[in-house]
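**Q** The file below is model-v8.cif, mmCIF, C-alpha atoms:
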```
data_query
#
loop_
_atom_site.label_atom_id
_atom_site.label_comp_id
_atom_site.auth_asym_id
_atom_site.auth_seq_id
_atom_site.Cartn_x
_atom_site.Cartn_y
_atom_site.Cartn_z
CA ASP A 1 17.15 21.83 -20.43
CA ASN A 2 16.94 21.34 -16.66
CA GLY A 3 17.75 17.64 -17.00
CA CYS A 4 14.11 16.65 -17.32
CA GLY A 5 13.40 17.91 -20.84
CA LYS A 6 12.58 14.51 -22.29
CA GLN A 7 10.35 13.52 -19.37
CA SER A 8 8.53 16.87 -19.58
CA ARG A 9 7.98 16.63 -23.33
CA ASP A 10 6.77 13.04 -23.05
CA CYS A 11 4.34 13.93 -20.28
CA PHE A 12 3.04 17.28 -21.49
CA SER A 13 2.40 15.94 -25.01
CA ASP A 14 0.20 13.24 -23.50
CA GLY A 15 -3.21 14.53 -22.47
CA SER A 16 -3.69 12.03 -19.67
CA CYS A 17 -0.24 12.64 -18.17
CA LEU A 18 -0.75 16.40 -18.26
CA LYS A 19 -4.09 15.99 -16.50
CA GLY A 20 -2.28 13.90 -13.90
CA VAL A 21 0.24 16.70 -13.25
CA THR A 22 -2.59 19.20 -12.90
CA CYS A 23 -4.51 16.88 -10.60
CA LEU A 24 -1.47 16.28 -8.36
CA GLY A 25 -0.77 20.02 -8.23
CA ARG A 26 -4.18 20.55 -6.66
CA CYS A 27 -3.42 17.89 -4.02
CA LYS A 28 -0.38 19.73 -2.61
CA GLY A 29 1.08 16.48 -1.31
CA GLU A 30 -2.08 15.13 0.39
CA GLN A 31 -1.83 11.34 0.05
CA GLU A 32 -5.45 10.31 -0.45
CA CYS A 33 -5.92 13.02 -3.08
CA SER A 34 -2.71 11.91 -4.85
CA THR A 35 -3.89 8.30 -4.87
CA ARG A 36 -7.10 9.36 -6.61
CA CYS A 37 -5.08 11.20 -9.24
CA PHE A 38 -3.00 8.12 -9.92
CA ALA A 39 -6.07 5.91 -10.03
CA GLN A 40 -7.38 7.99 -12.90
CA PHE A 41 -4.22 9.26 -14.65
CA GLY A 42 -1.36 7.04 -13.44
CA SER A 43 1.18 5.99 -16.07
CA ALA A 44 4.89 5.35 -16.57
CA LYS A 45 5.22 8.81 -18.15
CA LEU A 46 3.81 10.47 -15.06
CA ASN A 47 6.06 8.39 -12.80
CA ASP A 48 9.11 9.34 -14.84
CA TRP A 49 8.24 13.05 -14.79
CA LEU A 50 7.71 13.06 -11.02
CA SER A 51 10.87 11.08 -10.33
CA CYS A 52 12.99 13.41 -12.46
CA THR A 53 11.52 16.78 -11.44
CA LEU A 54 11.01 16.11 -7.74
CA GLU A 55 13.83 13.72 -6.77
CA ASP A 56 16.54 13.59 -9.40
CA HIS A 57 16.86 17.26 -10.34
CA SER A 58 14.58 19.12 -7.90
CA CYS A 59 13.10 21.24 -10.70
CA VAL A 60 9.86 21.50 -8.73
CA LYS A 61 10.61 22.90 -5.29
CA ILE A 62 8.80 21.15 -2.45
CA PRO A 63 9.81 20.41 1.17
CA LYS A 64 11.93 17.26 1.38
CA ASP A 65 12.45 14.83 4.24
CA MET A 66 15.15 12.35 3.22
CA ASP A 67 15.73 10.81 6.67
CA PHE A 68 14.68 7.25 5.93
CA SER A 69 16.09 6.04 9.26
CA LYS A 70 12.89 7.16 10.99
CA ILE A 71 11.03 4.02 9.96
CA GLY A 72 13.34 1.90 12.10
CA GLN A 73 12.54 3.76 15.30
CA ASN A 74 10.33 2.17 17.99
CA PRO A 75 9.34 -0.96 16.06
CA PRO A 76 6.41 -3.02 17.38
CA LYS A 77 7.21 -6.46 18.77
CA ILE A 78 6.94 -9.08 16.04
CA GLN A 79 5.79 -12.69 16.26
CA ALA A 80 9.06 -14.49 16.90
CA ASN A 81 8.14 -17.82 15.31
CA PHE A 82 6.26 -16.52 12.26
CA ASP A 83 6.77 -18.69 9.16
CA PRO A 84 6.67 -16.49 6.03
CA ASN A 85 5.25 -19.41 4.05
CA PHE A 86 2.04 -19.06 6.08
CA ILE A 87 1.25 -15.91 4.13
CA SER A 88 1.63 -17.57 0.72
CA GLY A 89 -1.40 -17.40 -1.56
CA LYS A 90 -4.49 -15.21 -1.62
CA TRP A 91 -5.61 -12.98 1.26
CA TYR A 92 -8.11 -10.20 1.83
CA LYS A 93 -7.63 -7.13 3.97
CA ILE A 94 -10.66 -7.09 6.24
CA LEU A 95 -9.67 -4.43 8.80
CA GLY A 96 -7.36 -1.44 8.56
CA ILE A 97 -6.13 1.60 10.49
CA ASN A 98 -4.85 4.32 8.15
CA PRO A 99 -7.56 5.65 5.78
CA LYS A 100 -4.90 6.98 3.40
CA TYR A 101 -3.39 3.53 2.84
CA ASP A 102 -5.34 0.70 4.46
CA LEU A 103 -9.09 1.17 3.97
CA PHE A 104 -9.61 0.99 0.20
CA ASP A 105 -12.45 -1.32 -0.86
CA CYS A 106 -11.98 -4.87 -2.16
CA GLN A 107 -8.31 -5.36 -1.34
CA ILE A 108 -7.12 -8.71 -2.68
CA ASN A 109 -3.50 -9.53 -1.81
CA LYS A 110 -1.63 -12.37 -3.51
CA PHE A 111 1.75 -13.54 -2.18
CA GLU A 112 3.99 -15.72 -4.32
CA PHE A 113 7.39 -16.82 -3.11
CA SER A 114 10.25 -16.77 -5.58
CA ASP A 115 11.75 -20.09 -6.71
CA SER A 116 15.01 -18.37 -7.62
CA ASP A 117 15.31 -16.35 -4.40
CA PRO A 118 13.83 -17.91 -1.23
CA ASN A 119 14.32 -14.64 0.63
CA THR A 120 11.79 -12.67 -1.42
CA ALA A 121 8.03 -12.72 -1.93
CA ASN A 122 6.17 -11.14 -4.83
CA LEU A 123 3.07 -9.28 -3.73
CA GLU A 124 0.22 -8.25 -6.03
CA VAL A 125 -2.48 -6.03 -4.57
CA GLU A 126 -5.81 -5.23 -6.23
CA PHE A 127 -8.11 -2.61 -4.76
CA ARG A 128 -10.87 -0.19 -5.63
CA LEU A 129 -10.83 3.55 -5.15
CA LYS A 130 -14.16 5.31 -4.86
CA LYS A 131 -14.82 8.34 -7.00
CA LEU A 132 -16.21 11.22 -4.96
CA ASN A 133 -20.00 11.23 -4.84
CA SER A 134 -19.92 14.88 -5.94
CA LEU A 135 -18.28 13.66 -9.15
CA GLY A 136 -20.78 10.90 -9.84
CA GLY A 137 -19.65 8.11 -7.53
CA ALA A 138 -18.50 4.72 -8.94
CA TYR A 139 -14.87 3.57 -8.57
CA TRP A 140 -11.60 2.73 -10.28
CA LYS A 141 -10.01 -0.73 -10.09
CA ASN A 142 -6.24 -0.66 -9.56
CA LYS A 143 -3.34 -3.03 -9.20
CA VAL A 144 0.00 -2.62 -7.39
CA LYS A 145 3.01 -4.95 -7.49
CA GLU A 146 5.95 -5.01 -5.13
CA VAL A 147 8.67 -7.34 -3.85
CA LEU A 148 8.99 -8.05 -0.13
CA GLU A 149 12.38 -9.00 1.29
CA ILE A 150 12.15 -11.58 4.07
CA ASP A 151 14.20 -10.53 7.08
CA PRO A 152 16.31 -12.95 9.17
CA LEU A 153 14.84 -14.38 12.37
CA ASP A 154 16.89 -12.06 14.60
CA SER A 155 15.64 -8.92 12.81
CA PRO A 156 13.18 -6.56 14.53
CA ARG A 157 11.03 -6.58 11.37
CA THR A 158 9.40 -9.40 9.37
CA PHE A 159 9.63 -7.98 5.84
CA HIS A 160 10.92 -4.85 4.18
CA THR A 161 10.48 -3.35 0.74
CA GLU A 162 11.58 -0.33 -1.23
CA GLY A 163 10.96 1.06 -4.69
CA LYS A 164 9.12 3.88 -6.41
CA MET A 165 5.60 5.00 -5.52
CA PHE A 166 4.07 7.88 -7.49
CA GLY A 167 7.55 8.35 -8.97
CA LEU A 168 9.13 8.85 -5.54
CA THR A 169 11.49 6.56 -3.66
CA PHE A 170 9.87 4.84 -0.70
CA ARG A 171 10.97 2.36 1.95
CA GLU A 172 8.68 0.33 4.16
CA ASN A 173 9.13 -2.04 7.11
CA TRP A 174 6.47 -4.68 7.79
CA TYR A 175 5.95 -6.19 11.24
CA VAL A 176 3.85 -9.34 11.56
CA ILE A 177 2.84 -9.08 15.21
CA GLY A 178 0.57 -12.13 15.25
CA SER A 179 -1.09 -14.82 13.18
CA GLY A 180 -3.17 -17.93 13.67
CA THR A 181 -6.62 -19.43 13.23
CA ILE A 182 -9.84 -18.40 14.97
CA ASN A 183 -13.14 -20.18 14.26
CA SER A 184 -11.45 -22.00 11.34
CA GLU A 185 -10.41 -18.65 9.79
CA ASP A 186 -6.72 -17.91 9.21
CA PHE A 187 -5.60 -14.37 9.99
CA VAL A 188 -2.43 -12.25 10.05
CA LEU A 189 -1.93 -9.02 12.03
CA VAL A 190 0.45 -6.56 10.32
CA GLN A 191 1.82 -3.16 11.28
CA TYR A 192 4.09 -1.10 9.03
CA LYS A 193 6.21 2.04 8.96
CA GLY A 194 7.13 3.78 5.72
CA HIS A 195 8.88 6.89 4.42
CA THR A 196 9.12 8.97 1.24
CA MET A 197 10.64 12.39 0.69
CA GLN A 198 7.23 13.78 1.68
CA GLY A 199 7.56 12.31 5.17
CA SER A 200 6.82 9.21 7.23
CA TYR A 201 3.61 7.21 7.45
CA GLU A 202 2.43 4.14 9.33
CA GLY A 203 -0.58 1.94 9.80
CA GLY A 204 -1.78 -1.59 10.25
CA PHE A 205 -4.26 -4.12 8.96
CA VAL A 206 -5.66 -7.63 9.27
CA TYR A 207 -5.41 -10.25 6.55
CA ALA A 208 -7.91 -13.12 6.29
CA ARG A 209 -8.41 -15.89 3.75
CA SER A 210 -12.09 -14.99 3.45
CA PRO A 211 -13.30 -11.55 2.28
CA ASN A 212 -15.97 -11.32 4.98
CA LEU A 213 -15.95 -12.81 8.47
CA ASP A 214 -18.78 -13.09 10.97
CA GLN A 215 -18.80 -10.52 13.77
CA ASN A 216 -17.85 -13.05 16.44
CA THR A 217 -14.65 -13.98 14.58
CA ILE A 218 -13.81 -10.32 13.97
CA ASN A 219 -14.30 -9.53 17.66
CA ASN A 220 -11.98 -12.38 18.64
CA ILE A 221 -9.32 -11.22 16.17
CA LYS A 222 -9.58 -7.71 17.64
CA LEU A 223 -9.10 -9.16 21.13
CA GLU A 224 -5.98 -10.93 19.90
CA ALA A 225 -4.73 -7.68 18.38
CA LYS A 226 -5.29 -5.88 21.67
CA LYS A 227 -3.29 -8.52 23.55
CA LEU A 228 -0.41 -7.80 21.14
CA ASN A 229 -0.53 -4.03 21.83
CA MET A 230 -2.27 -3.17 18.57
CA ASP A 231 -4.94 -0.53 19.16
CA SER A 232 -7.96 -2.59 18.14
CA ASP A 233 -10.27 0.42 18.48
CA LEU A 234 -8.54 1.91 15.43
CA LEU A 235 -9.19 -1.16 13.27
CA LEU A 236 -12.01 -0.25 10.89
CA PRO A 237 -13.90 -2.61 8.53
CA ILE A 238 -13.01 -2.76 4.84
CA ASP A 239 -15.83 -3.10 2.31
CA ASN A 240 -15.27 -6.38 0.44
CA SER A 241 -18.73 -6.61 -1.13
CA CYS A 242 -17.19 -5.67 -4.52
CA PRO A 243 -20.20 -5.03 -6.79
CA ASP A 244 -19.53 -5.38 -10.51
CA SER A 245 -21.33 -2.19 -11.49
CA LYS A 246 -19.90 1.30 -11.96
CA VAL A 247 -16.30 0.36 -12.77
CA LEU A 248 -14.52 3.35 -14.32
CA PRO A 249 -11.70 3.11 -16.87
CA SER A 250 -8.27 4.26 -15.71
CA SER A 251 -5.34 5.53 -17.76
CA SER A 252 -3.42 2.30 -17.32
CA GLU A 253 -4.33 -1.21 -16.25
CA GLU A 254 -1.78 -1.02 -13.45
CA MET A 255 -0.80 1.97 -11.37
CA GLY A 256 2.83 1.32 -12.20
CA PHE A 257 4.31 2.04 -8.78
CA PHE A 258 7.27 -0.30 -9.30
#
```
As structure tokens, please, write out the structure in this file.
**A**
Amino acid sequence: DNGCGKQSRDCFSDGSCLKGVTCLGRCKGEQECSTRCFAQFGSAKLNDWLSCTLEDHSCVKIPKDMDFSKIGQNPPKIQANFDPNFISGKWYKILGINPKYDLFDCQINKFEFSDSDPNTANLEVEFRLKKLNSLGGAYWKNKVKEVLEIDPLDSPRTFHTEGKMFGLTFRENWYVIGSGTINSEDFVLVQYKGHTMQGSYEGGFVYARSPNLDQNTINNIKLEAKKLNMDSDLLLPIDNSCPDSKVLPSSSEEMGFF
């Protein structure tokens, strides 16, 4: 027993979990591919197997980068007077930068602040992941939950979070660089830096209360982003049309990241 006997037996005796391992093996660490595997086969059993074999006991040998300090380097300038309560409630991602993390269709984000701990916010994210057209198209609906820690006013970041994603430890810093209202539409500009043992990643996105904004409002938000040193040319539109057809079943109702 290499220390992961139970996790291996639990996973390999479950057809869906075993398919997930096979699927992830083909990805060789590529993030978008891995996300598709978890959309279809994600489960607590798969998380447990990955956490044990990759992190806890290193049964599966892959390159590791455990320097989590990288995410604190060269932070963007945050909005100094941002009130975290502004972000409470339901938001849509309408623009994003990183296709591996930010540009999934129909991203609904719900923030709920904790009554017991005023320094935390519970975040629930729903999104859709398209199935490759070569495999028949359609999409999976997925849900992610995490807890954001609110940083003090003198911190260089606005929020931070850490937990398990795809069975691996991750840490992430969020930087709210701007927020406000344009043409009666609330918006929030966010950049982030994250790290797992597979390396660092970063990106950015725009939240709005409405799923779709007119082009004039989007252009004005991009101008605001540019003023705040966010590369507005990299902000790409997110499809929030969300048709009801062609929803595929997934292995679990939630992706079970945390």
**Q** Run the PyMOL selection byres ((chain A and resi 129) around 6) on the file and write out the hits as a list of chain:residue names.
**A** A:Arg128, A:Lys130, A:Tyr139, A:Trp140
**Q** Hey, what comes out of the PyMOL selection byres ((chain A and resi 40-52) around 6) on this file? Could you write it as a PyMOL selection string?
**A** chain A and resi 4+7+11+16-17+20+37-39+53-57+166-168+250-251+255
**Q** Could you write out that same residue set with C-alpha atoms as a PDB file, in the frame of the given file?
**A**
```
ATOM      1  CA  CYS A   4      14.110  16.650 -17.320  1.00  0.00           C
ATOM      2  CA  GLN A   7      10.350  13.520 -19.370  1.00  0.00           C
ATOM      3  CA  CYS A  11       4.340  13.930 -20.280  1.00  0.00           C
ATOM      4  CA  SER A  16      -3.690  12.030 -19.670  1.00  0.00           C
ATOM      5  CA  CYS A  17      -0.240  12.640 -18.170  1.00  0.00           C
ATOM      6  CA  GLY A  20      -2.280  13.900 -13.900  1.00  0.00           C
ATOM      7  CA  CYS A  37      -5.080  11.200  -9.240  1.00  0.00           C
ATOM      8  CA  PHE A  38      -3.000   8.120  -9.920  1.00  0.00           C
ATOM      9  CA  ALA A  39      -6.070   5.910 -10.030  1.00  0.00           C
ATOM     10  CA  THR A  53      11.520  16.780 -11.440  1.00  0.00           C
ATOM     11  CA  LEU A  54      11.010  16.110  -7.740  1.00  0.00           C
ATOM     12  CA  GLU A  55      13.830  13.720  -6.770  1.00  0.00           C
ATOM     13  CA  ASP A  56      16.540  13.590  -9.400  1.00  0.00           C
ATOM     14  CA  HIS A  57      16.860  17.260 -10.340  1.00  0.00           C
ATOM     15  CA  PHE A 166       4.070   7.880  -7.490  1.00  0.00           C
ATOM     16  CA  GLY A 167       7.550   8.350  -8.970  1.00  0.00           C
ATOM     17  CA  LEU A 168       9.130   8.850  -5.540  1.00  0.00           C
ATOM     18  CA  SER A 250      -8.270   4.260 -15.710  1.00  0.00           C
ATOM     19  CA  SER A 251      -5.340   5.530 -17.760  1.00  0.00           C
ATOM     20  CA  MET A 255      -0.800   1.970 -11.370  1.00  0.00           C
TER      21      MET A 255
END
```
**Q** Using only C-alpha atoms, which residues of segment 134-170 of chain A come within 10 Å of segment 72-78 of chain A, and what is the closest atom pair for each, with the distance in Å to one decimal? Give it as CSV, sorted by chain and residue number.
**A**
```
residue,atom,partner,partner_atom,distance
A:Ser155,CA,A:Ile78,CA,9.3
A:Pro156,CA,A:Ile78,CA,6.9
A:Arg157,CA,A:Ile78,CA,6.7
A:Thr158,CA,A:Ile78,CA,7.1
```
**Q** For the point (8.3, -14.9, -7.1) in the file's frame, write as number ranges by chain all residues with an atom no more than 12 Å away, counting only C-alpha atoms.
**A** A: 88-89, 110-124, 145-149
**Q** Using only C-alpha atoms, pick whichever of A:Ser8, A:Pro211, A:Leu189, A:Asp151 has the shortest atom-to-atom distance to Lys226 of chain A.
**A**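 That would be A:Leu189, the residue with the smallest distance to Lys226 of chain A.
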**Q** Distance atom CA of Ser34 of chain A-atom CA of Pro99 of chain A, one decimal place?
**A**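 These atoms are spaced 13.3 Å apart.
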**Q** I'd like the residues picked by the PyMOL selection byres ((chain A and resi 125) around 6) written out as a ChimeraX atom specification, using the chain letters and numbers from the file.
**A** /A:108-109,124,126,143-144
**Q** Quick one: residues within 8 Å of Arg171 of chain A, only C-alpha atoms, excluding same-chain residues fewer than 2 positions away - as a PyMOL selection string?
**A** chain A and resi 68+160-163+169+173+194-196
**Q** Which residues come within 6 Å of Val206 of chain A, counting all atoms listed in the file, excluding same-chain residues fewer than 5 positions away, as a PyMOL selection string?
**A** chain A and resi 93-95+188-189
**Q** Do you have the atom CA of Asp186 of chain A-atom CA of Ser232 of chain A distance handy?
**A** 17.8 Å
**Q** Record the distance separating atom CA of Glu30 of chain A and atom CA of Val190 of chain A, expressed in Å with one decimal.
**A** 24.0 Å
**Q** Select, counting only C-alpha atoms, all protein, DNA and RNA residues no farther than 12 Å from (-0.6, -11.2, 23.4) in file coordinates, and express the selection as a list in words.
**A**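 Residues found, by chain and rising number: Lys77, Ile78, Gln79, Ile177, Gly178, Ser179, Leu189, Ile221, Lys222, Leu223, Glu224, Ala225, Lys226, Lys227, Leu228, Asn229 and Met230 of chain A.
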**Q** Using all atoms listed in the file, find the one residue out of A:Cys23, A:Cys59, A:Ala208, A:Ile238 that sits nearest to Tyr101 of chain A.
**A** A:Ile238
**Q** Between A:Val176, A:Val60, A:Cys242, A:Cys27, which has the minimum distance to Ile87 of chain A (counting only C-alpha atoms)?
**A**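 Ranking A:Val176, A:Val60, A:Cys242, A:Cys27 by distance to Ile87 of chain A, first place goes to A:Val176.
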